Each structure stands twice: as structure tokens, then as C-alpha cells.
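Visitor: Pasting a structure below so you can have a look.
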Amino acid sequence: MSETSPPPAASPADSEVERPLRRLARMYAESRVALFGLALLLVIVLAALLAPWLAPQNPYDLMQLDMLDGRLPPGSASGDGRLTYLLGTDEQGRDMLSAILYGLRISVGVGVVATLMALAIGMALGLAAGYFGGRFDAVLMRIADIQLSFPSILVAMILLALFGQGIDKIVIALVAAQWAYYARTTRSAALVEGRKEYIEAARLLGLSTPRILFRHLLPNCLPPLIVVAALQVAAAIALEATLSFLGLGLPVTEPSLGLLIANGFQYLYSGRYWISVFPGVALLLLILAINLVADQLRDVLNPRLQSQ
Amino acid sequence: MNAQREPTLVVGRLTTRFAGLGGAVTAVDEVSFNVAPGEVLGLVGESGSGKSMTGFSILGLVDPPGEITGGSIRLKGRELRGLPAREWRALRGDRIAMIFQDPMMTLNPVLRIDTQMIETVRAHRRVSRDAAREMARDALARVGIPSPDERLRAYPHQLSGGMRQRVAIAIALLNAPDLIIADEPTTALDVTIQAQILFEMQTLCRESGTALIWITHDLAVVAGLADRVCVMYAGRIVEQGSTAQVLETPAHPYTRGLLDSTPAANVQPDKAGRPQPLRQIPGMAPSLKELPAGCAFRPRCTRASTLCEQTPPEVELARGHVARCFHPLSAAEGLKS
Amino acid sequence: MPLFILRRILQSFNVLFVMSLLVFAGVYAIGNPLDLLVDPNATADDTARAAASLGLDQPLWVQYGRFLGNALQGDLGNSFIHGVPALGLIVERLPATLELAVVAMLIAVLLGIPLGLWAGLKPDSWSGRAIMAGSILGFSLPTFWVGLMLIMVFAVQLGWLPASGRGPTVDVLGVSISLLTADGWRHLLLPAANLALFKLSLIIRLTRSGTREALLQDYVKFARAKGLSNARVVGVHVLKNILIPIVTVVGLEFGSLIAFSVVTESIFAWPGMGKLLLDSITQLDRPVVVAYLLLVVTLYVVINLAVDLLYAALDPRVRLAGARA
């Protein structure tokens, strides 16, 4: 889009033509809420990446846990006085803050990996369907239609019922539940772009099909895909958390936020809220931040709004 | 026109402004005109000249951030400006009716014609559903719709564009209003249907003594329909007078330009028998956000001088013929060159 | 019109057939229930006998043929765990789930449409903004997390409502319903609100954007120019137009409510189909999983069909186009 469209009308103040990326950054920065979302997202992702260095303890090294410190409310000091449990401990004396940081790592990792895989698969299929059309297109879109008419949680649950648990299994389930969104989006973008003159020109120039597809068509289909992917990362993380909460997702050895919340569920009734509430708050902030960023991206990348 | 009859509508120095982020925009700027019973007033201008907003202002349908900020609107001697919302609503569709440009869009697609007509009657008078339906049937028959009973049961999309516009006109006529504001109601229609509807509207209003404001960008329509004409530019009326005065001896350079760029008003062939080439007004209609001071037409006007940086006065050239210009064309200059 | 209906019904059967194939292939072809059902120390002979009694020794297509034939007669096999017909088990739980889903949808519609209308009519007011912010939050909050919060606040902290289980039920025409007693409602309220939240956000958004779009339309201006009261312009002219997409979405989303009730039922220990499904998945009780899937798929297909027909009934443009075809 950026290469082919004429440069945006410069405001009288700056006659210099802005580079597309800079313009997008400027448009993004126009919303304070969106900037806040971006900052929040960066903090969370950094915290997740740096969990082993940030966390006061390794929550899954049993040597570091003290059963006597079990179910302490937030702010309690540990039995040996060496650290303060800012967010309390669970029944095994595990520091909740550390558990949340490690859990974020897993949640973000699973969400991002699953989204990237679904994006790659859906994009390739959608691009091919949109460019070649015909029977392949018809069959693929029919499958996508049927699948999209069922909620992704149902699709994922069925697959997990078949495959069993495991981090690889849940990634497969998430990919299977989401590929169709990308295939649909790419296809419709490819259909629109494919009709434009520059693709026709590329064909007349005798460029190879892969070159047309990936160098010419794909870059122009990217803006809507980026928006869908941003929204779907949040959906994937929420879905993984839900499945793990239900005991269908990740095994106990890889405790994502959903599993932490499930573990704390039983303590809710006795008023020990922190075991499940804090992981929940972390999950919530993560999803909210992604959604705020995605919402603004949608506005910024919307071609209808771009000329303004 | 009948100067001795009391006018139905007297608009005086009406001003409508829109508060916006980049400062207020004056969409209607000190507009004044009268319409007498049975008289047709043509309100002519390009899109964005404020002619539609003038119509909405008279109806009290200016949506925020727009607001009528000055002037007066008198309907049969009664001041409308500052009227409580309830009373203004009671006038709309009853004493003042409006017809919109696109008949495809003005009728609600999911309601039957009878629903949309009956509700118009019953919003203003306590009559039974059956009586209201009877009135609706009569109104449809009056605007020349065949088998009105059947049409009443139809949905809008089952009717053609011309038919739908007739329905809209019938709705406007339902409560026998004193004033009808028609906002380019024939622009979206075929030329033959346009001519029929123009003729019927003229006849209906003459017979019933309804005053009619016909908003249009098309001088040819005005020539055949209106008794008097107001030409609007950038929110102001730049010239008004009888149709003959304005079209035959235009005094404002803008009106002259408008006439020159209208194919239908320019049909006289030259000596060689070829049609005269169309002339266009140089430049573009200004954005209301950045109007030049003084006369808004100044940047496009060949007669402009430094004087035009002041707000031009209203100059009466003949009885009832007024132009807002420092350098009006004389009657001789205004004649077609 | 009848042709249109017939075509839609045929399409629905098609989808059902494909889904039965997929479900069967998925559930019967992958994984081995014998591992779970037969004592690990059993001899090969015992294992083979067990497999034969369950029909697992036959080729896949024979298994599918038998499965399909039986399915058409309403027999989806016996639960491996409970030893009773799987479909019976599911159908027994159906009323509880439907009750939950229907009440949740009612909450979403009855609150969502007025809130969305308000937010659409006054998008810049603080109340309009607050409604929208709430709806964005409702989209971001995972259902299970909201359920936990509801329990924490209303059941644990305030003690107003019970946190789990279904209240007393009354049998009406053989269907157990908990809506007829006050205690039944008390039990239903939290899970239904939990399930409703996501759809509520959705309906608010839809109604709001529909309203804003409708308000710009000429027919609304024309309706106002006719002197109609605001109530009639909004309540008839605007509402009737935005109702069409809303009805479609409500219909289509009803199926997803049933799917999502798995989460809510598990949190609130609501004895519906979703809870049963979860238990069956963890216990590898395939016939029950299959019965659930086929029942839900059938529900989906029926709902989609009903929505299409309802849509045609609501929108005169579709209805008459169908009549002419």
C-alpha cells in the first residue's frame, strides 16, 4: 500500500513528505489510551522474558520452596526472613509473584507461537485461494466457513480430547482453531489486490508466480492481517488460559496463568483470594494491553482512514 | 408574485453555525428571504453553499454541534426560533414538510408505505388508523400513483425511484402544510420523470396555496419552476430577485458564472450555428473552514478589487432584485454575451 | 420461498453428514479406549474380547457404517464408563444447559439493546463512553475469570447468592426446570450472568454501531422531518433496522453460548452437558463425547437454519427476493 499510493497530502506546516512508518507511528501516538496499552504490553512482555532474572525465586525448584510458608497472604515475610511474598504464596509455599512471572512466560509464548503458526498457514492457504481461485478456493473457503461457524473453544476442546495434553498439543489446537481467520482475511485482501493493475502488470512482465505472490501481493495484504493477528494473539492467550483452567490444556509441569488460576480456585471460598486473583489480574492486563494496541492498529492501518 | 399577500415564511438574517475543533464554521450566514402562499422560491447553489442547511434550519433539524445562532424564522407571523423542541416537532410534517434528494434513502426500507404514511398523520392529529389510511390513499392518488391501495401495502424497494419520490411527496402533502421545503427532489430521477414531478408539484402548490422552497443546483430546473430565485454562495445569499431578473439580467458575477456553466441555459447557438462553448468559473468552491474575508467569491472573481476585502453591501438593482456585490454587473452586462 | 427453504434444509443435512464423518474419524480413529477400559494386566485374549464386544476390531468403514446406522436411530453407543446409552446421558443434561443459555441470552439482549441504543444515541456523553468502556472490558475478560470474580464477590464476600449447583427443579412435561422457584433463580443468576457477559458486550457494540449508522441515514432525518416523536423515530425507525443484524447474531451466537457453557458449568458446578463433556474427555469416554458433539452440531445446524428463515421473515428485501426466486 505504501509503495503504490501517492504520498499523503502534506499539511501546510511541514511540506516534507513523511515516511510511511513515521506517519503510522505518529497516527498511533495520537491516542493516549493506545500509548498506555503499548507501554503496558512492553512491560508485561519484558517481565515475561526476563522472568528468571526478575523473579525472587524459581517457583518450580522445589528446593527453594518452604511448605511452612504455604498460603501466606500478600506482603508476608518468608519463614527464614530472606524475602517478602509481595503477592502471597500458594499451598506449597510458592511465591505467587514468581509463579505469575513464569506463568506469563508460558502464556505469552504459547499465544505468540500459535498465532505465528496459524498466521503462516492461513496466510499461505488464503493467498493461494485468492490468487488461483477455482475449485481449491471453493473447497478451502467452504471448510473455513463450516469451521468458523463453530466457536473456537469447541474446536480446540475436540482436538484436545483427541490428542491429550501437552504444550505441543495445545499449540496445534490453537492453530487449528484460528487458521481460518487468517485464510479468510488474506483471501479477501488478495482478491481485492489481485484485481489491481500492478499485479496485472507484474504478470505481463513475466514475473514468476511465487515472486508475484510473495513480493507483490503479500505486502499489500499485510495491513488487515496485522490487525487480525494482533486481535487473535489476545484470543489465543485467553483460549489457552481457559483450556488450561478446565484441565484440558497445559500439563501441571508447565503452569500457565490459566492453571495457576485453576489451582487457586478452591481457596477462593476460604477467602484466600490471592492465589487465583493475582494471576487473573496479570492475564487480564495482558489481554487488555493487546486489545488496546490492536484497536489502535486497526484504526491506523484502515485504508479508508489513511488519507485523513 | 403577490406582494400584497402576507408571506407564509419570513426568514431574517438567519445564521447557523457549527462549532468544531478548528473553530466555528458558519454554514448559513445572515440569510434573508420571504416566500408567499402558492409561491415557488428557488434556492440555488453548489453543494456546500449552505442551501440544504438553510432548509434544515427552517425545520429546526440542525444537529449538534450545529446551532442556529442568529436571526429569525417567522411562519405565518409566528417566530420559530427559540421554540421548545416539542412545539417545533409539532410543526414539522404538519405546517412545514420536507422532501429529500434521494428517494431510495428517504423511505425506511423495513416499514411498509402505509406504516410510514399513517404515522405521519397520527403524529399530528387524533384520527383513527382507518381514517389516516384513507388520507394516505387520497394523497397517493393526488400525486398520480396508480392503484394506491396496492402501493400502500408495498415496501419501498418494490417501487421505482420515481414512484418512491411521489410517495415522499404524498407524505409531505398529507397534512396540507403551509410550506414545503424540497431539497433537490428530482436530481436522482430520470429527466422525463423529473419534468412530470416538477409540473405536478407546481400545480399542487398553486392550487393549495402552499409555499414551496425548491433547493437545487440546477438553474434549468429553477427557470421552469420558480417565481423567485435566491443564489447562495458560501453560506450567503449573493443575489435574489424574480426568476426573470436573476436569470436574464444577473447582477452578481457568481450568478453570471453559474449561468455560463449551465448547459441548458446556454443553448443559443452562435452565428455559425454551433453551440457556444461552456465557460467555467475558475477555481473551486471554498471550504467553509477557510473563507476569505469580505466577499467569499473574491478569489474567483474577475471583477474583484481591494474593496471586496470588506463585506459587500446589498445593492438593490431593480424592485425586488438585490445583489451582494461592490461591482454588480449592469443590466446590459448581465445580458447574455 | 419453499424452494429456498428446501435448499437450506438439504444444505443442513450435508453439513451434518460431513460433521458426522469428521467426528467419527476424529474420535474413533485416534487414541485407543481399550488402554483405559481394560485392565493393563489382562491377556491379549481378554483385550480382543473386549474390543470385539465394543466393535473396535472391525475395519474403520464398517465401524462408521454401524455408527451412522445406529446414530440415525438415536443410538450413539453406550458410555464406556457408565454403561448406559450415551445420547440418553447427554439429553438428560440438556435442559439444564439450555436453561442456562436461554437466560444468559435474555440477559444479554434485554440489557444489551437498550444500553447499545443509549451509547449510540449519545456517543459523546460520559454514560455512552462508560457503556462502551464496559463493553470493551467485557470482550477482554475471559469468561472463567469473570466467573471466579462473581463467586468471590457475590457468593464469598457478600454471601448473596449460592456459588454452585442448580437449585430445586420442577418437572414440566418431563423437562426439569429450575425457573419456577425463587431458589432456582438464585442459583441460576450468577452462572447466567457469567455466560451472558461476552454476548452482552457483543450486542452493545452491534446495537451502538447500528444505531450510529442508522442515525445518519436519510430515512431517520425524513422521519424527524415528518414530526415523529423521538420515541417513535428511535423505537420504530432505528430499532427495526438494527434488529435484523442483531437477530442474526443472537441466533448464531446461541450455539456458541452452549459451547461456552462448558466453562461456566465447570466453574459453578452446574449439572449440564458441558460438565459431562469435560468429565468424558478426561475419562476418554468416547461415545459420550461423540454424542455431545453430534448433538451440538445438530443444534447448530438447526439454529442456523432457523436464523436464515427468521432473517427472511424480518427483512422484506430478502423475503420478497426469495419469493420471486
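By convention here, the chains of the C-alpha cells are called A, B, ... in the order presented, each chain's residues are numbered starting at 1, and ligands are numbered starting at 1 in the order presented.
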I'd like the neighbourhood of Thr169 of chain C as an MDAnalysis selection string, where a residue qualifies if any of its atoms comes within 8 Å (using only C-alpha atoms), though same-chain residues fewer than 4 positions away should be ignored.

Guide: chainID C and resid 176:181 184

Visitor: Within 7 Å of chain C, which residues of chain A are there when counting only C-alpha atoms? Please give them as a list in words.

Guide: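 The contacting residues on chain A are Phe150, Pro151, Leu154, Ala161, Leu162, Ala238, Thr242, Leu268, Tyr269, Gly280, Leu284, Ile287 and Leu288 of chain A.
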
Visitor: Might you pull out every residue within 12 Å of Pro95 of chain C, with only C-alpha atoms counted and same-chain residues fewer than 6 positions away left off, and present them as a list in words?

Guide: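 The neighbour list is Leu89, Ala101, Val102, Val103, Arg166, Thr169, Val170, Asp171, Val172, Leu173, Gly174, Val175, Ser176, Ile177, Ser178, Leu179, Ile258, Trp270, Pro271, Gly272, Met273 and Gly274 of chain C.
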
Visitor: Only N, CA, C and O atoms, please: the residues just picked out, written as a CSV table (one decimal), in the first residue's frame.

Guide:
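Once everything was written out, this is result-v7.csv:
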```
chain,number,residue,atom,x,y,z
C,89,LEU,N,-27.6,-40.0,28.3
C,89,LEU,CA,-26.9,-39.3,29.3
C,89,LEU,C,-26.9,-37.8,29.0
C,89,LEU,O,-27.1,-36.9,29.8
C,101,ALA,N,-28.4,-21.2,29.0
C,101,ALA,CA,-28.1,-20.5,27.8
C,101,ALA,C,-29.2,-19.5,27.4
C,101,ALA,O,-28.9,-18.4,27.1
C,102,VAL,N,-30.4,-19.9,27.6
C,102,VAL,CA,-31.6,-19.1,27.3
C,102,VAL,C,-31.6,-17.9,28.2
C,102,VAL,O,-31.7,-16.7,27.7
C,103,VAL,N,-31.4,-18.1,29.5
C,103,VAL,CA,-31.5,-17.0,30.4
C,103,VAL,C,-30.3,-16.0,30.2
C,103,VAL,O,-30.5,-14.8,30.2
C,166,ARG,N,-27.3,-26.4,40.9
C,166,ARG,CA,-28.6,-26.0,40.4
C,166,ARG,C,-29.6,-26.0,41.5
C,166,ARG,O,-29.5,-26.9,42.3
C,169,THR,N,-35.6,-28.2,41.1
C,169,THR,CA,-36.2,-28.1,39.8
C,169,THR,C,-37.7,-28.7,39.8
C,169,THR,O,-38.0,-29.4,40.7
C,170,VAL,N,-38.5,-28.2,38.9
C,170,VAL,CA,-39.8,-28.7,38.8
C,170,VAL,C,-40.0,-29.3,37.4
C,170,VAL,O,-39.5,-28.8,36.4
C,171,ASP,N,-40.6,-30.5,37.4
C,171,ASP,CA,-40.8,-31.1,36.1
C,171,ASP,C,-42.0,-30.5,35.3
C,171,ASP,O,-43.1,-30.5,35.9
C,172,VAL,N,-41.8,-30.0,34.1
C,172,VAL,CA,-42.9,-29.5,33.3
C,172,VAL,C,-42.8,-30.4,32.0
C,172,VAL,O,-41.8,-30.3,31.3
C,173,LEU,N,-43.8,-31.2,31.8
C,173,LEU,CA,-43.9,-32.0,30.6
C,173,LEU,C,-42.6,-32.9,30.5
C,173,LEU,O,-42.1,-33.0,29.4
C,174,GLY,N,-42.1,-33.4,31.6
C,174,GLY,CA,-41.0,-34.3,31.6
C,174,GLY,C,-39.7,-33.5,31.5
C,174,GLY,O,-38.6,-34.2,31.5
C,175,VAL,N,-39.7,-32.2,31.5
C,175,VAL,CA,-38.4,-31.5,31.4
C,175,VAL,C,-38.2,-30.8,32.8
C,175,VAL,O,-39.2,-30.1,33.2
C,176,SER,N,-37.1,-30.9,33.3
C,176,SER,CA,-36.9,-30.3,34.6
C,176,SER,C,-36.4,-28.9,34.4
C,176,SER,O,-35.5,-28.6,33.7
C,177,ILE,N,-37.1,-28.0,35.2
C,177,ILE,CA,-36.9,-26.6,35.0
C,177,ILE,C,-36.7,-26.0,36.4
C,177,ILE,O,-37.4,-26.3,37.3
C,178,SER,N,-35.7,-25.1,36.5
C,178,SER,CA,-35.4,-24.5,37.8
C,178,SER,C,-35.9,-23.1,37.9
C,178,SER,O,-35.7,-22.4,38.8
C,179,LEU,N,-36.6,-22.6,36.8
C,179,LEU,CA,-37.0,-21.2,36.8
C,179,LEU,C,-38.3,-21.0,37.6
C,179,LEU,O,-38.7,-19.8,37.6
C,258,ILE,N,-23.9,-22.2,24.1
C,258,ILE,CA,-24.0,-23.6,24.5
C,258,ILE,C,-22.6,-24.2,24.7
C,258,ILE,O,-22.2,-24.9,25.6
C,270,TRP,N,-22.5,-26.5,37.5
C,270,TRP,CA,-23.9,-26.6,37.0
C,270,TRP,C,-24.1,-27.9,36.3
C,270,TRP,O,-23.3,-28.2,35.3
C,271,PRO,N,-25.0,-28.7,36.6
C,271,PRO,CA,-25.1,-30.1,36.1
C,271,PRO,C,-25.6,-30.1,34.7
C,271,PRO,O,-26.7,-30.7,34.4
C,272,GLY,N,-24.9,-29.6,33.7
C,272,GLY,CA,-25.4,-29.6,32.3
C,272,GLY,C,-24.5,-30.4,31.5
C,272,GLY,O,-23.7,-31.2,32.0
C,273,MET,N,-24.7,-30.3,30.1
C,273,MET,CA,-24.0,-31.1,29.2
C,273,MET,C,-22.5,-30.8,29.2
C,273,MET,O,-21.7,-31.7,29.0
C,274,GLY,N,-22.1,-29.6,29.4
C,274,GLY,CA,-20.7,-29.1,29.3
C,274,GLY,C,-19.9,-29.8,30.4
C,274,GLY,O,-18.8,-30.3,30.1
```

Visitor: What's the 8 Å shell around Gly167 of chain C, counting only C-alpha atoms, without same-chain residues fewer than 3 positions away, as a ChimeraX atom specification?

Guide: /C:178,183-188

Visitor: Please produce a file of those selected residues containing N, CA and C atoms, as a compact mmCIF listing (two decimals), in the first residue's frame.

Guide:
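The new file part.txt reads:
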```
# COMPACT_ATOMS: atom_id res chain seq x y z
N SER C 178 -35.66 -25.09 36.50
CA SER C 178 -35.42 -24.50 37.82
C SER C 178 -35.90 -23.06 37.88
N ASP C 183 -35.56 -20.11 44.70
CA ASP C 183 -34.23 -20.63 44.95
C ASP C 183 -33.56 -21.06 43.65
N GLY C 184 -34.37 -21.58 42.73
CA GLY C 184 -33.84 -21.96 41.43
C GLY C 184 -33.23 -20.75 40.74
N TRP C 185 -33.93 -19.62 40.79
CA TRP C 185 -33.43 -18.39 40.18
C TRP C 185 -32.15 -17.93 40.88
N ARG C 186 -32.14 -18.06 42.21
CA ARG C 186 -30.94 -17.62 42.94
C ARG C 186 -29.72 -18.39 42.47
N HIS C 187 -29.91 -19.70 42.21
CA HIS C 187 -28.79 -20.50 41.74
C HIS C 187 -28.41 -20.16 40.30
N LEU C 188 -29.41 -19.78 39.55
CA LEU C 188 -29.19 -19.57 38.11
C LEU C 188 -28.50 -18.23 37.82
```

Visitor: I need the chain C residues near chain B as number ranges by chain; criterion: at most 12 Å, counting only C-alpha atoms.

Guide: C: 122, 124, 214-233, 236-244, 312-321, 324

Visitor: Just the number, please: distance in Å from atom CA of Leu198 of chain B to atom CA of Pro185 of chain B, one decimal.

Guide: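 Atom CA of Pro185 of chain B lies at a distance of 9.2 Å from atom CA of Leu198 of chain B.
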
Visitor: Interatomic distance between atom CA of Ala39 of chain A and atom CA of Asp295 of chain A?

Guide: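 So the two atoms, atom CA of Ala39 of chain A and atom CA of Asp295 of chain A, lie 14.7 Å apart.
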
Visitor: Can you tell me, as a list in words, what residues are no more than 12 Å from Leu202 of chain C when counting only C-alpha atoms, ignoring any on the same chain fewer than 6 positions away?

Guide: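 In the requested form, the answer reads Met105, Ala108, Val109, Leu111, Gly112, Ile113, Leu115, Gly116, Ile131, Met132, Gly134, Ser135, Ile136, Leu137, Gly138, Phe139, Ser140, Ala196, Arg208, Ser209, Pro245, Ile246, Val249, Val250 and Glu253 of chain C.
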
Visitor: Keeping N, CA and C atoms for every residue in the selection just given, could you write it to a file as a PDB file, in the first residue's frame?

Guide:
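Once written, selection13.pdb looks like this:
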```
ATOM      1  N   MET C 105     -28.842 -15.503  27.297  1.00  0.00           N
ATOM      2  CA  MET C 105     -29.114 -14.742  26.085  1.00  0.00           C
ATOM      3  C   MET C 105     -30.151 -13.658  26.364  1.00  0.00           C
ATOM      4  N   ALA C 108     -28.441 -10.853  27.978  1.00  0.00           N
ATOM      5  CA  ALA C 108     -27.614 -10.124  27.008  1.00  0.00           C
ATOM      6  C   ALA C 108     -28.475  -9.230  26.120  1.00  0.00           C
ATOM      7  N   VAL C 109     -29.615  -9.743  25.674  1.00  0.00           N
ATOM      8  CA  VAL C 109     -30.463  -8.976  24.753  1.00  0.00           C
ATOM      9  C   VAL C 109     -31.187  -7.852  25.490  1.00  0.00           C
ATOM     10  N   LEU C 111     -30.527  -6.352  28.247  1.00  0.00           N
ATOM     11  CA  LEU C 111     -29.667  -5.259  28.702  1.00  0.00           C
ATOM     12  C   LEU C 111     -28.900  -4.648  27.530  1.00  0.00           C
ATOM     13  N   GLY C 112     -28.475  -5.502  26.604  1.00  0.00           N
ATOM     14  CA  GLY C 112     -27.577  -5.053  25.542  1.00  0.00           C
ATOM     15  C   GLY C 112     -28.225  -4.074  24.584  1.00  0.00           C
ATOM     16  N   ILE C 113     -29.454  -4.335  24.188  1.00  0.00           N
ATOM     17  CA  ILE C 113     -30.085  -3.448  23.199  1.00  0.00           C
ATOM     18  C   ILE C 113     -30.324  -2.048  23.771  1.00  0.00           C
ATOM     19  N   LEU C 115     -28.799  -0.565  26.298  1.00  0.00           N
ATOM     20  CA  LEU C 115     -27.506   0.074  26.556  1.00  0.00           C
ATOM     21  C   LEU C 115     -26.838   0.489  25.246  1.00  0.00           C
ATOM     22  N   GLY C 116     -26.912  -0.390  24.247  1.00  0.00           N
ATOM     23  CA  GLY C 116     -26.301  -0.081  22.956  1.00  0.00           C
ATOM     24  C   GLY C 116     -26.998   1.091  22.291  1.00  0.00           C
ATOM     25  N   ILE C 131     -20.467   3.017  28.912  1.00  0.00           N
ATOM     26  CA  ILE C 131     -21.045   1.771  28.391  1.00  0.00           C
ATOM     27  C   ILE C 131     -20.060   1.113  27.431  1.00  0.00           C
ATOM     28  N   MET C 132     -19.449   1.932  26.561  1.00  0.00           N
ATOM     29  CA  MET C 132     -18.510   1.370  25.604  1.00  0.00           C
ATOM     30  C   MET C 132     -17.278   0.810  26.291  1.00  0.00           C
ATOM     31  N   GLY C 134     -17.127  -0.374  29.253  1.00  0.00           N
ATOM     32  CA  GLY C 134     -17.554  -1.625  29.868  1.00  0.00           C
ATOM     33  C   GLY C 134     -17.610  -2.750  28.851  1.00  0.00           C
ATOM     34  N   SER C 135     -18.073  -2.411  27.667  1.00  0.00           N
ATOM     35  CA  SER C 135     -18.200  -3.474  26.673  1.00  0.00           C
ATOM     36  C   SER C 135     -16.831  -3.926  26.160  1.00  0.00           C
ATOM     37  N   ILE C 136     -15.887  -2.981  26.073  1.00  0.00           N
ATOM     38  CA  ILE C 136     -14.530  -3.385  25.682  1.00  0.00           C
ATOM     39  C   ILE C 136     -13.940  -4.296  26.750  1.00  0.00           C
ATOM     40  N   LEU C 137     -14.176  -3.930  28.008  1.00  0.00           N
ATOM     41  CA  LEU C 137     -13.694  -4.760  29.116  1.00  0.00           C
ATOM     42  C   LEU C 137     -14.335  -6.143  29.042  1.00  0.00           C
ATOM     43  N   GLY C 138     -15.632  -6.169  28.748  1.00  0.00           N
ATOM     44  CA  GLY C 138     -16.341  -7.443  28.660  1.00  0.00           C
ATOM     45  C   GLY C 138     -15.776  -8.343  27.585  1.00  0.00           C
ATOM     46  N   PHE C 139     -15.213  -7.721  26.546  1.00  0.00           N
ATOM     47  CA  PHE C 139     -14.588  -8.513  25.492  1.00  0.00           C
ATOM     48  C   PHE C 139     -13.249  -9.068  25.946  1.00  0.00           C
ATOM     49  N   SER C 140     -12.550  -8.287  26.759  1.00  0.00           N
ATOM     50  CA  SER C 140     -11.208  -8.681  27.150  1.00  0.00           C
ATOM     51  C   SER C 140     -11.206  -9.717  28.270  1.00  0.00           C
ATOM     52  N   ALA C 196     -23.521 -14.615  30.146  1.00  0.00           N
ATOM     53  CA  ALA C 196     -24.104 -13.545  29.332  1.00  0.00           C
ATOM     54  C   ALA C 196     -23.090 -12.461  28.998  1.00  0.00           C
ATOM     55  N   ARG C 208     -24.876  -0.344  19.150  1.00  0.00           N
ATOM     56  CA  ARG C 208     -24.343   1.009  19.114  1.00  0.00           C
ATOM     57  C   ARG C 208     -23.932   1.384  17.691  1.00  0.00           C
ATOM     58  N   SER C 209     -23.163   0.517  17.050  1.00  0.00           N
ATOM     59  CA  SER C 209     -22.706   0.898  15.715  1.00  0.00           C
ATOM     60  C   SER C 209     -23.879   0.928  14.744  1.00  0.00           C
ATOM     61  N   PRO C 245     -29.679  -7.299  11.854  1.00  0.00           N
ATOM     62  CA  PRO C 245     -28.383  -7.908  12.188  1.00  0.00           C
ATOM     63  C   PRO C 245     -28.350  -8.463  13.604  1.00  0.00           C
ATOM     64  N   ILE C 246     -29.052  -7.821  14.528  1.00  0.00           N
ATOM     65  CA  ILE C 246     -28.991  -8.307  15.907  1.00  0.00           C
ATOM     66  C   ILE C 246     -29.629  -9.688  16.021  1.00  0.00           C
ATOM     67  N   VAL C 249     -27.261 -12.243  14.701  1.00  0.00           N
ATOM     68  CA  VAL C 249     -26.145 -12.532  15.592  1.00  0.00           C
ATOM     69  C   VAL C 249     -26.616 -13.297  16.825  1.00  0.00           C
ATOM     70  N   VAL C 250     -27.742 -12.876  17.382  1.00  0.00           N
ATOM     71  CA  VAL C 250     -28.260 -13.564  18.563  1.00  0.00           C
ATOM     72  C   VAL C 250     -28.477 -15.040  18.239  1.00  0.00           C
ATOM     73  N   GLU C 253     -25.105 -16.782  17.742  1.00  0.00           N
ATOM     74  CA  GLU C 253     -24.312 -16.840  18.958  1.00  0.00           C
ATOM     75  C   GLU C 253     -24.917 -17.772  20.001  1.00  0.00           C
TER      76      GLU C 253
END
```

Visitor: With distances taken over only C-alpha atoms, which residue among A:Ala241, A:Pro255, A:Gly133, A:Leu46 lies nearest Tyr102 of chain A?

Guide: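 Checking each of A:Ala241, A:Pro255, A:Gly133, A:Leu46 against Tyr102 of chain A, counting only C-alpha atoms, the winner is A:Pro255.
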
Visitor: Can you tell me, as number ranges by chain, what residues are no more than 7 Å from segment 238-253 of chain B when counting only C-alpha atoms, ignoring any on the same chain fewer than 5 positions away?

Guide: B: 223, 226-233, 301, 320-325, 328-331, 334-335

Visitor: At a cut-off of 8 Å, using only C-alpha atoms, what residues contact Gly126 of chain A? Leave out same-chain residues fewer than 2 positions from it and give the result as a VMD selection string.

Guide: chain A and resid 122 to 124 128 to 130 182 to 187 190

Visitor: With N, CA and C atoms retained, could you export that selection as a PDB file, in the first residue's frame?

Guide:
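This went into part.pdb:
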```pdb
ATOM      1  N   GLY A 122      -2.494 -20.010   7.544  1.00  0.00           N
ATOM      2  CA  GLY A 122      -3.689 -19.374   6.998  1.00  0.00           C
ATOM      3  C   GLY A 122      -3.352 -18.425   5.861  1.00  0.00           C
ATOM      4  N   MET A 123      -2.218 -17.727   6.015  1.00  0.00           N
ATOM      5  CA  MET A 123      -1.827 -16.759   5.007  1.00  0.00           C
ATOM      6  C   MET A 123      -1.499 -17.475   3.696  1.00  0.00           C
ATOM      7  N   ALA A 124      -0.724 -18.559   3.805  1.00  0.00           N
ATOM      8  CA  ALA A 124      -0.339 -19.287   2.600  1.00  0.00           C
ATOM      9  C   ALA A 124      -1.582 -19.826   1.893  1.00  0.00           C
ATOM     10  N   ALA A 128      -3.074 -18.431  -1.727  1.00  0.00           N
ATOM     11  CA  ALA A 128      -3.233 -19.346  -2.852  1.00  0.00           C
ATOM     12  C   ALA A 128      -4.691 -19.359  -3.310  1.00  0.00           C
ATOM     13  N   ALA A 129      -5.607 -19.412  -2.353  1.00  0.00           N
ATOM     14  CA  ALA A 129      -7.031 -19.455  -2.704  1.00  0.00           C
ATOM     15  C   ALA A 129      -7.435 -18.197  -3.455  1.00  0.00           C
ATOM     16  N   GLY A 130      -6.964 -17.040  -2.964  1.00  0.00           N
ATOM     17  CA  GLY A 130      -7.359 -15.786  -3.579  1.00  0.00           C
ATOM     18  C   GLY A 130      -6.726 -15.616  -4.957  1.00  0.00           C
ATOM     19  N   TYR A 182      -7.244 -16.201   9.368  1.00  0.00           N
ATOM     20  CA  TYR A 182      -6.201 -15.631   8.512  1.00  0.00           C
ATOM     21  C   TYR A 182      -6.447 -15.980   7.051  1.00  0.00           C
ATOM     22  N   ALA A 183      -6.879 -17.226   6.829  1.00  0.00           N
ATOM     23  CA  ALA A 183      -7.120 -17.636   5.454  1.00  0.00           C
ATOM     24  C   ALA A 183      -8.191 -16.741   4.835  1.00  0.00           C
ATOM     25  N   ARG A 184      -9.264 -16.507   5.595  1.00  0.00           N
ATOM     26  CA  ARG A 184     -10.342 -15.646   5.112  1.00  0.00           C
ATOM     27  C   ARG A 184      -9.861 -14.237   4.827  1.00  0.00           C
ATOM     28  N   THR A 185      -9.150 -13.660   5.805  1.00  0.00           N
ATOM     29  CA  THR A 185      -8.687 -12.279   5.661  1.00  0.00           C
ATOM     30  C   THR A 185      -7.732 -12.150   4.485  1.00  0.00           C
ATOM     31  N   THR A 186      -6.757 -13.084   4.404  1.00  0.00           N
ATOM     32  CA  THR A 186      -5.791 -12.996   3.313  1.00  0.00           C
ATOM     33  C   THR A 186      -6.491 -13.140   1.975  1.00  0.00           C
ATOM     34  N   ARG A 187      -7.420 -14.092   1.917  1.00  0.00           N
ATOM     35  CA  ARG A 187      -8.082 -14.339   0.644  1.00  0.00           C
ATOM     36  C   ARG A 187      -8.808 -13.097   0.168  1.00  0.00           C
ATOM     37  N   ALA A 190      -6.380 -10.544  -0.906  1.00  0.00           N
ATOM     38  CA  ALA A 190      -5.714 -10.950  -2.145  1.00  0.00           C
ATOM     39  C   ALA A 190      -6.649 -10.782  -3.338  1.00  0.00           C
TER      40      ALA A 190
END
```

Visitor: Taking the chain letters and numbering used in this document, name the residues of segment 63-175 of chain A that DSSP puts in strand (DSSP E or B), as a PyMOL selection string.

Guide: chain A and resi 76-77+84-85+89+95

Visitor: Please, what distance in Å, to one decimal, runs between atom CA of Leu87 of chain C and atom CA of Pro191 of chain C?

Guide: 24.8 Å

Visitor: Can you list, as a ChimeraX atom specification, every residue of segment 188-238 of chain B that DSSP puts in helix (DSSP H, G or I)?

Guide: /B:191-208,219-225

Visitor: Between C:Ile303, C:Ala193, C:Phe17, C:Tyr292, which has the minimum distance to Leu150 of chain C (counting only C-alpha atoms)?

Guide: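 With only C-alpha atoms as the atom set, the closest residue is C:Ala193.
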